[in-house]
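The structure appears below as structure tokens.
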Amino acid sequence: MQKIILVMINLPVKTINKAFSYLLPPELQFIRAGWRVLVPFGSRKVEGFVVSTDSGNGDGLKYIIEALDDLPWFDENMLQTAKWISDYYLCSLAEAMRLFIPGKTGLKTSLAYQLCPDLSCNEIEAALAGKSDQYLAACEYLAGHGSASLPQIYKQLTGDCLKTLNYLVNKKIVVKKYSTVKQDKPKYETFLKLAITPAEAEQLLRVSGHRPARRRLLTALLSKGVLAKADLKLLNISQDTVKRSLAGGLIVAEQKRLLRNSYAGLAHEAGAIRLNQQQQQVLQQIMPAVVNRQYRSFLLHGITGSGKTQVYLEVVAAVRKKRRQAIVLVPEIALTSQIVARFQTRFNDDVVVLHSKLSIDERNDAIWRLRTGQAGIVIGARSAVFAPLDDLGAVIIDEEHEFTYKQEEAPRYHAREVALKRAELAEGVVLMGSATPSVESYYQAVRHTHTLLELPDRADGASLPEVELVDMREELRCGRRSVISLALRNLINAAIARGEQVIILLNRRGYSTFVMCRECGHVMSCSNCAVSLVYHKSGRLRCHYCQTSVTPPDVCPVCSSRYIRYFGTGTQRLEDELAKTFPTARMIRMDQDTTGGKLGHDRILQAFAQGNYDILLGTQMVAKGHDIKNVTAVGIITADSILNLPDFRAAERTFALITQAAGRAGRGAVSGKVVIQTYNPEHYAIETGSRHAYADFYEQELSLRQSLFYPPFSKITKLTVTAPEEGEVHRSAADIAAALTSALASSDSTKILGPFVAPIARISNSFRMHILIKSVENAPVRLQLSLLKLHLRADVSIDVDPVNVM
DNA sequence: AGCACGCCGACT
DNA sequence: GTCGGCGTGCTC
């Protein structure tokens, strides 16, 4: 009987979803569940996660090579959470565990080619006799350089290097060498400290008259305690002096880790504000759970500008007072720098910012600060829910309704659900906040799964903006064909005249949204994806799905007609229109095309907030998170753009967008006004949105959901089947649907819809079909899916609780 | 994911 | 006959 270690292999392949057994060498006996290790796997060395230990016959098992950290990465709660994710979202345990690793892997493998050492030049030449010069050139290059990576070789040689090298590897002239390097490359700085007592040092200074450099060193250490490299230069103390003092045992060198943090210089706002009475009442309901270390979940429904952040700050402060840690989730860090700044102002270095745009090094440093207890608050986008914290006291989820909390690639987790699971295991609280809670969460709050808290008024006594609905059909009837209605034009003019600022929202980027032949109706579409191409001002037609672009044709590719027209308005065209209508206004556009890099959104918003512009126009990102006091006017160009999407949550999204956008207006002393342009003014989502009437919207939406058996009354699981051929995808999707139907026996509690061709039938030359399963409970569905082994298939992707069904 | 193994068509 | 194409299956 031997101790056996069960390891999940960190490779992004869903078919390897089992544990592999290894033995521990004597020097690694301390390894238990939760450690990251390096293990031999096939002919390679890969990263693995220890999930459990066992005992049994260990014959023929390989040994773990080394531990990758000084501490286990996963604690029991993290392991349990990973297990839950793999069960619930039907991914492998390794895929779930990878989520907890910054950069998904702690190892970087690199490949180098080397000449076989035991071969002579003559032997090589003989083996390559009759081959082209290419082969000999490669050997010569490798002989000269010892080893080289593939990119290096490509730079040096011409032709198909990979083919050449593979041949040489086959002929045993060249060998491939893999090396694995730890991803985490901490930066250290050396600090010097006294190794003797201060009394001894003073004694030494008294007796040794000579050695002025050593005197300076000891004196400085006595007064300052520690010295860094830069200090030594300043004091004119040479490396030699340091070396001798080290050797003599007078001083010791210590390595201290340096932290790279690109957020260090972010501006801070003024100090804490006192809570108003409503905020106090809300806080009092949350506090008992924080103090008593209980798992409780709260849904804070607070209108825009009601001061939800203030409540978050107080909850986090209370959690920290209990010496527990907190996670603060925000939908998108770039759009929410205001909330980040407020946490940093309040908690200073206790805050760590985590998100996907950080470099691997920055991320590792941040995580190291958490693991060593130097910081106890994580603020970040959805992946921050996986931060390694040993005593999670609270998770705050700001803008709980946002879809960005759902990961749209496997594993398709929802950060809100992961947060609830982690907090439950850790006995912490979850506080979700939103002005427009998701129907599902609000339903759970009404049913007391979450505790419902309300902040019905704006914190500073400001009123919600007045909203005017403009019927665009009416505009057309009056002969006004501009995308900017008369009401909106008046609103913008008035605001600018008073020196106030305007935000305009249009949910499509690009210039024209589609290009059509007026002769035959052919719409230019992407050759890889079944979506229409968008005309950009750069003069090219771009696919918003696969990023390819083409030059617009002069004649229609189908009928050769020259009558090609550009339809629809995107943000670029709107910018032109606004410039024509308001020639003196200073404008800035914010969409995916103008924001790039780490702080792109932030710069635009800051410049706007500082008053450098009169009008901010852009896609829905202009509607989120910020609080700019001088904005008194908001215009929504087409409120219907989302409403008409074929998705049962279209109304919910429209309502949220209108409410959030309108909420940007009138946050200062001057009250705001909003113009919403629509072709459906009587639609309940738009009508309730214009009245800021969440409860009314919720009620109408809920009854619709009930009658159509949609969430929260059912759980949805979406399958996407793909194939390179159209016929093939129809066949395999039909097979899967048939198998599911017989396994789940369609009844009142389960409905299988489809297969139907996906709204985007083809992406990057892969044909797509969807199957939707609606069921009261999704546990039996998940069970059947795994029994049918659909979760292992490369051509099937499973989305549990999808945020959109398209 | 890599890599070995294996079975086919296209050439010296 | 060799080379190299990629489909299948395995990695403790």
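Order determines the names: the first chain of the structure tokens is A, the second B, and so forth; residues in each chain are numbered 1 upward, and ligands are numbered 1 upward as they are shown.
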Once you count only C-alpha atoms (C1' of nucleotides), what closest atom pair and distance in Å to one decimal does each residue of chain A within 6 Å of chain C have, with rows by chain and rising residue number, as a tab-separated table?
residue	atom	partner	partner_atom	distance
A:Phe20	CA	C:DC12	C1'	4.6
A:Ser21	CA	C:DC12	C1'	4.5
A:Tyr22	CA	C:DC12	C1'	5.8
A:Phe41	CA	C:DT11	C1'	5.6
A:Gly42	CA	C:DT11	C1'	4.6
A:Leu61	CA	C:DC12	C1'	5.7
Selected residues written out, C-alpha atoms, as a compact mmCIF listing (two decimals), in the first residue's frame:
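Contents of out_24.txt, as written:
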# COMPACT_ATOMS: atom_id res chain seq x y z
CA PHE A 20 -4.27 10.81 -13.11
CA SER A 21 -2.40 8.98 -10.33
CA TYR A 22 1.15 9.80 -9.29
CA PHE A 41 2.50 13.45 -18.87
CA GLY A 42 3.24 11.39 -21.96
CA LEU A 61 3.05 5.11 -11.56
Could you please tell me, as an mmCIF file with all heavy atoms, in the first residue's frame, which residues of chain A have an atom within 8 Å of chain B when using only C-alpha atoms (C1' of nucleotides)?
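Okay, out-v5.cif is ready:
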data_model
loop_
_atom_site.group_PDB
_atom_site.id
_atom_site.type_symbol
_atom_site.label_atom_id
_atom_site.label_comp_id
_atom_site.auth_asym_id
_atom_site.auth_seq_id
_atom_site.Cartn_x
_atom_site.Cartn_y
_atom_site.Cartn_z
ATOM 1 N N LEU A 11 -4.692 21.014 -19.018
ATOM 2 C CA LEU A 11 -4.662 21.199 -20.460
ATOM 3 C C LEU A 11 -6.069 21.559 -20.901
ATOM 4 O O LEU A 11 -7.041 21.007 -20.389
ATOM 5 C CB LEU A 11 -4.205 19.917 -21.166
ATOM 6 C CG LEU A 11 -2.745 19.519 -21.007
ATOM 7 C CD1 LEU A 11 -2.474 18.181 -21.684
ATOM 8 C CD2 LEU A 11 -1.830 20.587 -21.559
ATOM 9 N N PRO A 12 -6.205 22.487 -21.841
ATOM 10 C CA PRO A 12 -7.537 22.969 -22.211
ATOM 11 C C PRO A 12 -8.262 22.023 -23.160
ATOM 12 O O PRO A 12 -8.666 22.401 -24.235
ATOM 13 C CB PRO A 12 -7.233 24.304 -22.886
ATOM 14 C CG PRO A 12 -5.882 24.115 -23.473
ATOM 15 C CD PRO A 12 -5.149 23.156 -22.605
ATOM 16 N N VAL A 13 -8.400 20.785 -22.774
ATOM 17 C CA VAL A 13 -9.068 19.800 -23.612
ATOM 18 C C VAL A 13 -10.170 19.157 -22.788
ATOM 19 O O VAL A 13 -9.899 18.618 -21.723
ATOM 20 C CB VAL A 13 -8.097 18.692 -24.059
ATOM 21 C CG1 VAL A 13 -8.702 17.889 -25.182
ATOM 22 C CG2 VAL A 13 -6.774 19.272 -24.439
ATOM 23 N N SER A 43 5.117 12.362 -23.084
ATOM 24 C CA SER A 43 6.531 12.682 -23.218
ATOM 25 C C SER A 43 6.836 14.083 -22.704
ATOM 26 O O SER A 43 7.925 14.579 -22.889
ATOM 27 C CB SER A 43 6.929 12.578 -24.690
ATOM 28 O OG SER A 43 6.089 13.419 -25.447
#
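Residues in contact range of segment 670-679 of chain A, defined as at most 7 Å between only C-alpha atoms (C1' of nucleotides), with sequence neighbours fewer than 6 positions away removed, read Ser463, Pro465, Glu466, Val467, Glu468, Leu469, Val470, Asp471, Met472, Arg473, Leu488, Thr632, Ala633, Val634, Gly635, Ile636, Ile637, Thr638, Ala639, Asp640 and Ala662 of chain A.
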Item to check | Spatial neighbours of Glu332 of chain A, max dist 9 Å, only C-alpha atoms (C1' of nucleotides), sep filter under 5 positions, as a VMD selection string | outcome: chain A and resid 355 380 to 382 404 to 405
Item to check | Spatial neighbours of Leu790 of chain A, max dist 12 Å, only C-alpha atoms (C1' of nucleotides), sep filter under 6 positions, as a list of chain:residue names | outcome: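 Close residues of Leu790 of chain A: A:Lys14, A:Thr15, A:Leu90, A:Cys91, A:Leu719, A:Thr720, A:Val721, A:Ser732, A:Ala733, A:Asp735, A:Ile736, A:Ala737, A:Ala739, A:Leu740, A:Val781, A:Arg782, A:Leu783, A:Gln784, A:Val796, A:Ser797, A:Ile798, A:Asp799.
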Restricting the output to N, CA and C atoms, write the selected residues as a PDB file, in the first residue's frame.
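Final output, again_10.pdb:
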ATOM      1  N   LYS A  14     -11.407  19.225 -23.295  1.00  0.00           N
ATOM      2  CA  LYS A  14     -12.481  18.742 -22.425  1.00  0.00           C
ATOM      3  C   LYS A  14     -12.525  17.221 -22.316  1.00  0.00           C
ATOM      4  N   THR A  15     -11.833  16.528 -23.223  1.00  0.00           N
ATOM      5  CA  THR A  15     -11.871  15.059 -23.173  1.00  0.00           C
ATOM      6  C   THR A  15     -11.005  14.476 -22.066  1.00  0.00           C
ATOM      7  N   LEU A  90     -20.990  21.603 -16.702  1.00  0.00           N
ATOM      8  CA  LEU A  90     -20.585  20.464 -17.524  1.00  0.00           C
ATOM      9  C   LEU A  90     -19.252  20.668 -18.222  1.00  0.00           C
ATOM     10  N   CYS A  91     -18.272  21.064 -17.432  1.00  0.00           N
ATOM     11  CA  CYS A  91     -16.924  21.131 -17.990  1.00  0.00           C
ATOM     12  C   CYS A  91     -16.053  20.201 -17.161  1.00  0.00           C
ATOM     13  N   LEU A 719     -27.732  24.091 -26.448  1.00  0.00           N
ATOM     14  CA  LEU A 719     -26.663  23.358 -27.118  1.00  0.00           C
ATOM     15  C   LEU A 719     -26.385  24.033 -28.450  1.00  0.00           C
ATOM     16  N   THR A 720     -25.120  24.159 -28.782  1.00  0.00           N
ATOM     17  CA  THR A 720     -24.755  24.628 -30.113  1.00  0.00           C
ATOM     18  C   THR A 720     -23.987  23.500 -30.786  1.00  0.00           C
ATOM     19  N   VAL A 721     -24.509  23.070 -31.934  1.00  0.00           N
ATOM     20  CA  VAL A 721     -23.865  21.998 -32.687  1.00  0.00           C
ATOM     21  C   VAL A 721     -23.189  22.641 -33.886  1.00  0.00           C
ATOM     22  N   SER A 732     -26.356  15.878 -37.508  1.00  0.00           N
ATOM     23  CA  SER A 732     -25.943  15.578 -36.139  1.00  0.00           C
ATOM     24  C   SER A 732     -26.826  16.300 -35.126  1.00  0.00           C
ATOM     25  N   ALA A 733     -27.294  17.519 -35.463  1.00  0.00           N
ATOM     26  CA  ALA A 733     -28.185  18.216 -34.537  1.00  0.00           C
ATOM     27  C   ALA A 733     -29.504  17.456 -34.377  1.00  0.00           C
ATOM     28  N   ASP A 735     -29.931  14.230 -34.753  1.00  0.00           N
ATOM     29  CA  ASP A 735     -29.628  13.035 -33.946  1.00  0.00           C
ATOM     30  C   ASP A 735     -29.620  13.363 -32.460  1.00  0.00           C
ATOM     31  N   ILE A 736     -28.946  14.472 -32.136  1.00  0.00           N
ATOM     32  CA  ILE A 736     -28.835  14.857 -30.727  1.00  0.00           C
ATOM     33  C   ILE A 736     -30.212  15.191 -30.154  1.00  0.00           C
ATOM     34  N   ALA A 737     -30.989  15.948 -30.924  1.00  0.00           N
ATOM     35  CA  ALA A 737     -32.326  16.323 -30.441  1.00  0.00           C
ATOM     36  C   ALA A 737     -33.179  15.086 -30.220  1.00  0.00           C
ATOM     37  N   ALA A 739     -32.109  12.026 -29.526  1.00  0.00           N
ATOM     38  CA  ALA A 739     -31.609  11.319 -28.343  1.00  0.00           C
ATOM     39  C   ALA A 739     -32.082  12.000 -27.069  1.00  0.00           C
ATOM     40  N   LEU A 740     -32.068  13.331 -27.067  1.00  0.00           N
ATOM     41  CA  LEU A 740     -32.497  14.081 -25.886  1.00  0.00           C
ATOM     42  C   LEU A 740     -33.992  13.900 -25.643  1.00  0.00           C
ATOM     43  N   VAL A 781     -31.527  17.449 -16.690  1.00  0.00           N
ATOM     44  CA  VAL A 781     -31.025  17.736 -18.037  1.00  0.00           C
ATOM     45  C   VAL A 781     -29.515  17.565 -18.078  1.00  0.00           C
ATOM     46  N   ARG A 782     -28.847  18.123 -17.073  1.00  0.00           N
ATOM     47  CA  ARG A 782     -27.384  18.013 -17.026  1.00  0.00           C
ATOM     48  C   ARG A 782     -26.959  16.559 -16.934  1.00  0.00           C
ATOM     49  N   LEU A 783     -27.734  15.799 -16.137  1.00  0.00           N
ATOM     50  CA  LEU A 783     -27.418  14.375 -15.999  1.00  0.00           C
ATOM     51  C   LEU A 783     -27.495  13.661 -17.343  1.00  0.00           C
ATOM     52  N   GLN A 784     -28.590  13.899 -18.069  1.00  0.00           N
ATOM     53  CA  GLN A 784     -28.749  13.227 -19.364  1.00  0.00           C
ATOM     54  C   GLN A 784     -27.679  13.661 -20.360  1.00  0.00           C
ATOM     55  N   VAL A 796     -19.986  19.953 -30.014  1.00  0.00           N
ATOM     56  CA  VAL A 796     -21.161  20.383 -29.266  1.00  0.00           C
ATOM     57  C   VAL A 796     -20.697  21.277 -28.128  1.00  0.00           C
ATOM     58  N   SER A 797     -21.309  22.447 -28.014  1.00  0.00           N
ATOM     59  CA  SER A 797     -20.999  23.219 -26.819  1.00  0.00           C
ATOM     60  C   SER A 797     -22.278  23.407 -26.022  1.00  0.00           C
ATOM     61  N   ILE A 798     -22.135  23.305 -24.722  1.00  0.00           N
ATOM     62  CA  ILE A 798     -23.288  23.334 -23.822  1.00  0.00           C
ATOM     63  C   ILE A 798     -23.239  24.618 -23.019  1.00  0.00           C
ATOM     64  N   ASP A 799     -24.355  25.341 -23.015  1.00  0.00           N
ATOM     65  CA  ASP A 799     -24.429  26.579 -22.253  1.00  0.00           C
ATOM     66  C   ASP A 799     -25.567  26.452 -21.247  1.00  0.00           C
TER      67      ASP A 799
END
Item to check | Among the residues A:Ala609, A:Val800, A:Ala415, A:Val328, the one that comes closest to Leu785 of chain A [using only C-alpha atoms] | outcome: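 Smallest distance to Leu785 of chain A is found for A:Val800.
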Can you tell me, as a PDB file with N, CA and C atoms, in the first residue's frame, which residues in segment 221-406 of chain A count as strand (DSSP E or B) by DSSP?
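Just written: out_22.pdb:
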ATOM      1  N   VAL A 226      17.061  49.695   7.145  1.00  0.00           N
ATOM      2  CA  VAL A 226      17.351  48.938   5.924  1.00  0.00           C
ATOM      3  C   VAL A 226      17.886  49.879   4.851  1.00  0.00           C
ATOM      4  N   LEU A 227      18.636  49.332   3.918  1.00  0.00           N
ATOM      5  CA  LEU A 227      19.141  50.106   2.797  1.00  0.00           C
ATOM      6  C   LEU A 227      18.882  49.366   1.487  1.00  0.00           C
ATOM      7  N   ALA A 228      18.491  50.103   0.471  1.00  0.00           N
ATOM      8  CA  ALA A 228      18.309  49.513  -0.855  1.00  0.00           C
ATOM      9  C   ALA A 228      19.500  49.871  -1.726  1.00  0.00           C
ATOM     10  N   ILE A 251      26.360  42.310   8.236  1.00  0.00           N
ATOM     11  CA  ILE A 251      25.037  42.611   7.658  1.00  0.00           C
ATOM     12  C   ILE A 251      24.502  41.383   6.934  1.00  0.00           C
ATOM     13  N   VAL A 252      23.208  41.409   6.674  1.00  0.00           N
ATOM     14  CA  VAL A 252      22.598  40.356   5.841  1.00  0.00           C
ATOM     15  C   VAL A 252      21.827  41.014   4.704  1.00  0.00           C
ATOM     16  N   ALA A 253      21.691  40.267   3.605  1.00  0.00           N
ATOM     17  CA  ALA A 253      20.910  40.743   2.469  1.00  0.00           C
ATOM     18  C   ALA A 253      19.555  40.047   2.499  1.00  0.00           C
ATOM     19  N   GLU A 254      18.514  40.807   2.205  1.00  0.00           N
ATOM     20  CA  GLU A 254      17.172  40.219   2.150  1.00  0.00           C
ATOM     21  C   GLU A 254      16.533  40.547   0.832  1.00  0.00           C
ATOM     22  N   GLN A 255      15.804  39.592   0.278  1.00  0.00           N
ATOM     23  CA  GLN A 255      15.104  39.819  -0.982  1.00  0.00           C
ATOM     24  C   GLN A 255      13.683  40.268  -0.669  1.00  0.00           C
ATOM     25  N   LYS A 256      13.297  41.368  -1.269  1.00  0.00           N
ATOM     26  CA  LYS A 256      11.917  41.818  -1.093  1.00  0.00           C
ATOM     27  C   LYS A 256      11.266  41.894  -2.457  1.00  0.00           C
ATOM     28  N   ARG A 257      10.043  41.421  -2.534  1.00  0.00           N
ATOM     29  CA  ARG A 257       9.386  41.388  -3.832  1.00  0.00           C
ATOM     30  C   ARG A 257       8.867  42.771  -4.209  1.00  0.00           C
ATOM     31  N   LEU A 258       9.122  43.158  -5.457  1.00  0.00           N
ATOM     32  CA  LEU A 258       8.612  44.431  -5.959  1.00  0.00           C
ATOM     33  C   LEU A 258       7.288  44.177  -6.647  1.00  0.00           C
ATOM     34  N   ARG A 296     -25.596  34.805   3.695  1.00  0.00           N
ATOM     35  CA  ARG A 296     -26.871  35.435   3.332  1.00  0.00           C
ATOM     36  C   ARG A 296     -26.664  36.140   2.005  1.00  0.00           C
ATOM     37  N   SER A 297     -27.716  36.184   1.193  1.00  0.00           N
ATOM     38  CA  SER A 297     -27.594  36.932  -0.058  1.00  0.00           C
ATOM     39  C   SER A 297     -28.626  38.048  -0.081  1.00  0.00           C
ATOM     40  N   PHE A 298     -28.196  39.222  -0.543  1.00  0.00           N
ATOM     41  CA  PHE A 298     -29.048  40.408  -0.565  1.00  0.00           C
ATOM     42  C   PHE A 298     -29.122  40.965  -1.977  1.00  0.00           C
ATOM     43  N   LEU A 299     -30.304  41.401  -2.358  1.00  0.00           N
ATOM     44  CA  LEU A 299     -30.434  42.109  -3.624  1.00  0.00           C
ATOM     45  C   LEU A 299     -30.790  43.556  -3.303  1.00  0.00           C
ATOM     46  N   LEU A 300     -29.887  44.462  -3.623  1.00  0.00           N
ATOM     47  CA  LEU A 300     -30.114  45.871  -3.353  1.00  0.00           C
ATOM     48  C   LEU A 300     -30.626  46.541  -4.618  1.00  0.00           C
ATOM     49  N   HIS A 301     -31.927  46.839  -4.603  1.00  0.00           N
ATOM     50  CA  HIS A 301     -32.524  47.528  -5.734  1.00  0.00           C
ATOM     51  C   HIS A 301     -32.502  49.017  -5.438  1.00  0.00           C
ATOM     52  N   GLY A 302     -31.553  49.705  -6.064  1.00  0.00           N
ATOM     53  CA  GLY A 302     -31.435  51.144  -5.798  1.00  0.00           C
ATOM     54  C   GLY A 302     -31.397  51.891  -7.112  1.00  0.00           C
ATOM     55  N   GLN A 325     -11.928  38.728   4.140  1.00  0.00           N
ATOM     56  CA  GLN A 325     -11.640  39.411   2.884  1.00  0.00           C
ATOM     57  C   GLN A 325     -12.902  39.587   2.041  1.00  0.00           C
ATOM     58  N   ALA A 326     -12.821  40.474   1.072  1.00  0.00           N
ATOM     59  CA  ALA A 326     -13.993  40.775   0.250  1.00  0.00           C
ATOM     60  C   ALA A 326     -13.626  40.837  -1.225  1.00  0.00           C
ATOM     61  N   ILE A 327     -14.592  40.439  -2.044  1.00  0.00           N
ATOM     62  CA  ILE A 327     -14.458  40.571  -3.493  1.00  0.00           C
ATOM     63  C   ILE A 327     -15.510  41.563  -3.965  1.00  0.00           C
ATOM     64  N   VAL A 328     -15.122  42.496  -4.790  1.00  0.00           N
ATOM     65  CA  VAL A 328     -16.076  43.437  -5.380  1.00  0.00           C
ATOM     66  C   VAL A 328     -16.069  43.211  -6.885  1.00  0.00           C
ATOM     67  N   LEU A 329     -17.200  42.768  -7.419  1.00  0.00           N
ATOM     68  CA  LEU A 329     -17.280  42.506  -8.850  1.00  0.00           C
ATOM     69  C   LEU A 329     -17.948  43.677  -9.548  1.00  0.00           C
ATOM     70  N   VAL A 351      -6.609  47.473  -1.273  1.00  0.00           N
ATOM     71  CA  VAL A 351      -7.357  47.111  -2.479  1.00  0.00           C
ATOM     72  C   VAL A 351      -6.420  46.612  -3.570  1.00  0.00           C
ATOM     73  N   VAL A 352      -6.854  45.559  -4.216  1.00  0.00           N
ATOM     74  CA  VAL A 352      -6.120  45.027  -5.353  1.00  0.00           C
ATOM     75  C   VAL A 352      -7.080  45.020  -6.543  1.00  0.00           C
ATOM     76  N   VAL A 353      -6.629  45.526  -7.686  1.00  0.00           N
ATOM     77  CA  VAL A 353      -7.485  45.560  -8.871  1.00  0.00           C
ATOM     78  C   VAL A 353      -7.083  44.423  -9.802  1.00  0.00           C
ATOM     79  N   LEU A 354      -8.067  43.617 -10.174  1.00  0.00           N
ATOM     80  CA  LEU A 354      -7.793  42.451 -11.024  1.00  0.00           C
ATOM     81  C   LEU A 354      -8.685  42.479 -12.243  1.00  0.00           C
ATOM     82  N   ILE A 377      -8.927  43.221  -0.177  1.00  0.00           N
ATOM     83  CA  ILE A 377     -10.086  43.548  -0.998  1.00  0.00           C
ATOM     84  C   ILE A 377      -9.700  43.400  -2.467  1.00  0.00           C
ATOM     85  N   VAL A 378     -10.460  42.607  -3.186  1.00  0.00           N
ATOM     86  CA  VAL A 378     -10.227  42.467  -4.617  1.00  0.00           C
ATOM     87  C   VAL A 378     -11.347  43.166  -5.327  1.00  0.00           C
ATOM     88  N   ILE A 379     -11.008  43.987  -6.312  1.00  0.00           N
ATOM     89  CA  ILE A 379     -12.042  44.580  -7.136  1.00  0.00           C
ATOM     90  C   ILE A 379     -11.715  44.239  -8.569  1.00  0.00           C
ATOM     91  N   GLY A 380     -12.696  43.721  -9.292  1.00  0.00           N
ATOM     92  CA  GLY A 380     -12.384  43.303 -10.648  1.00  0.00           C
ATOM     93  C   GLY A 380     -13.594  42.820 -11.409  1.00  0.00           C
ATOM     94  N   LEU A 392     -13.261  34.325   2.888  1.00  0.00           N
ATOM     95  CA  LEU A 392     -14.093  35.220   2.093  1.00  0.00           C
ATOM     96  C   LEU A 392     -15.310  35.664   2.906  1.00  0.00           C
ATOM     97  N   GLY A 393     -15.349  36.947   3.285  1.00  0.00           N
ATOM     98  CA  GLY A 393     -16.443  37.445   4.106  1.00  0.00           C
ATOM     99  C   GLY A 393     -17.597  38.021   3.307  1.00  0.00           C
ATOM    100  N   ALA A 394     -17.308  38.542   2.119  1.00  0.00           N
ATOM    101  CA  ALA A 394     -18.379  39.146   1.329  1.00  0.00           C
ATOM    102  C   ALA A 394     -18.009  39.210  -0.140  1.00  0.00           C
ATOM    103  N   VAL A 395     -19.031  39.054  -0.970  1.00  0.00           N
ATOM    104  CA  VAL A 395     -18.873  39.356  -2.387  1.00  0.00           C
ATOM    105  C   VAL A 395     -19.898  40.419  -2.731  1.00  0.00           C
ATOM    106  N   ILE A 396     -19.434  41.530  -3.292  1.00  0.00           N
ATOM    107  CA  ILE A 396     -20.320  42.583  -3.763  1.00  0.00           C
ATOM    108  C   ILE A 396     -20.440  42.408  -5.270  1.00  0.00           C
ATOM    109  N   ILE A 397     -21.644  42.424  -5.805  1.00  0.00           N
ATOM    110  CA  ILE A 397     -21.801  42.361  -7.255  1.00  0.00           C
ATOM    111  C   ILE A 397     -22.531  43.614  -7.701  1.00  0.00           C
ATOM    112  N   ASP A 398     -21.768  44.537  -8.286  1.00  0.00           N
ATOM    113  CA  ASP A 398     -22.367  45.783  -8.743  1.00  0.00           C
ATOM    114  C   ASP A 398     -23.002  45.557 -10.110  1.00  0.00           C
ATOM    115  N   LYS A 406     -21.511  36.778 -17.308  1.00  0.00           N
ATOM    116  CA  LYS A 406     -21.531  35.423 -17.870  1.00  0.00           C
ATOM    117  C   LYS A 406     -20.357  35.276 -18.814  1.00  0.00           C
TER     118      LYS A 406
END
Checklist entry - Expressed in Å to a single decimal, how great is the separation between atom CA of Ala129 of chain A and atom CA of Cys116 of chain A? => result 17.7 Å
If you count only C-alpha atoms (C1' of nucleotides), which residues fall within 8 Å of Glu47 of chain A, apart from same-chain ones fewer than 6 positions away, as a CSV table (one decimal) with N, CA, C and O atoms, in the first residue's frame?
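Result saved to around_8.csv:
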chain,number,residue,atom,x,y,z
A,9,ILE,N,-5.0,17.3,-14.9
A,9,ILE,CA,-4.0,17.8,-15.8
A,9,ILE,C,-4.5,19.2,-16.4
A,9,ILE,O,-5.6,19.2,-16.9
A,10,ASN,N,-3.7,20.2,-16.2
A,10,ASN,CA,-4.1,21.5,-16.7
A,10,ASN,C,-3.9,21.7,-18.2
A,10,ASN,O,-2.9,22.3,-18.6
A,36,ARG,N,-0.4,23.0,-6.6
A,36,ARG,CA,-0.1,22.9,-8.1
A,36,ARG,C,1.2,22.2,-8.2
A,36,ARG,O,2.2,22.6,-7.5
A,37,VAL,N,1.3,21.3,-9.2
A,37,VAL,CA,2.5,20.5,-9.3
A,37,VAL,C,2.9,20.4,-10.8
A,37,VAL,O,2.1,20.6,-11.7
A,38,LEU,N,4.2,20.0,-11.0
A,38,LEU,CA,4.6,19.7,-12.3
A,38,LEU,C,4.7,18.2,-12.4
A,38,LEU,O,5.3,17.5,-11.5
A,39,VAL,N,4.1,17.6,-13.4
A,39,VAL,CA,4.1,16.1,-13.5
A,39,VAL,C,4.5,15.7,-15.0
A,39,VAL,O,4.3,16.4,-15.9
A,105,THR,N,-2.7,29.3,-16.7
A,105,THR,CA,-1.7,28.3,-16.4
A,105,THR,C,-0.5,29.0,-15.7
A,105,THR,O,-0.2,30.1,-16.0
A,106,GLY,N,0.2,28.2,-14.9
A,106,GLY,CA,1.3,28.8,-14.2
A,106,GLY,C,2.6,28.5,-14.9
A,106,GLY,O,3.7,28.9,-14.5
A,107,LEU,N,2.5,27.8,-16.0
A,107,LEU,CA,3.7,27.3,-16.8
A,107,LEU,C,3.6,27.9,-18.2
A,107,LEU,O,2.6,28.0,-18.8
Next on the checklist: Give me, as a PyMOL selection string, the residues of segment 283-523 of chain A that a backbone DSSP run labels alpha helix (DSSP H).
Outcome noted: chain A and resi 283-291+308-321+337-347+360-371+415-426+439-446+472-477+486-497
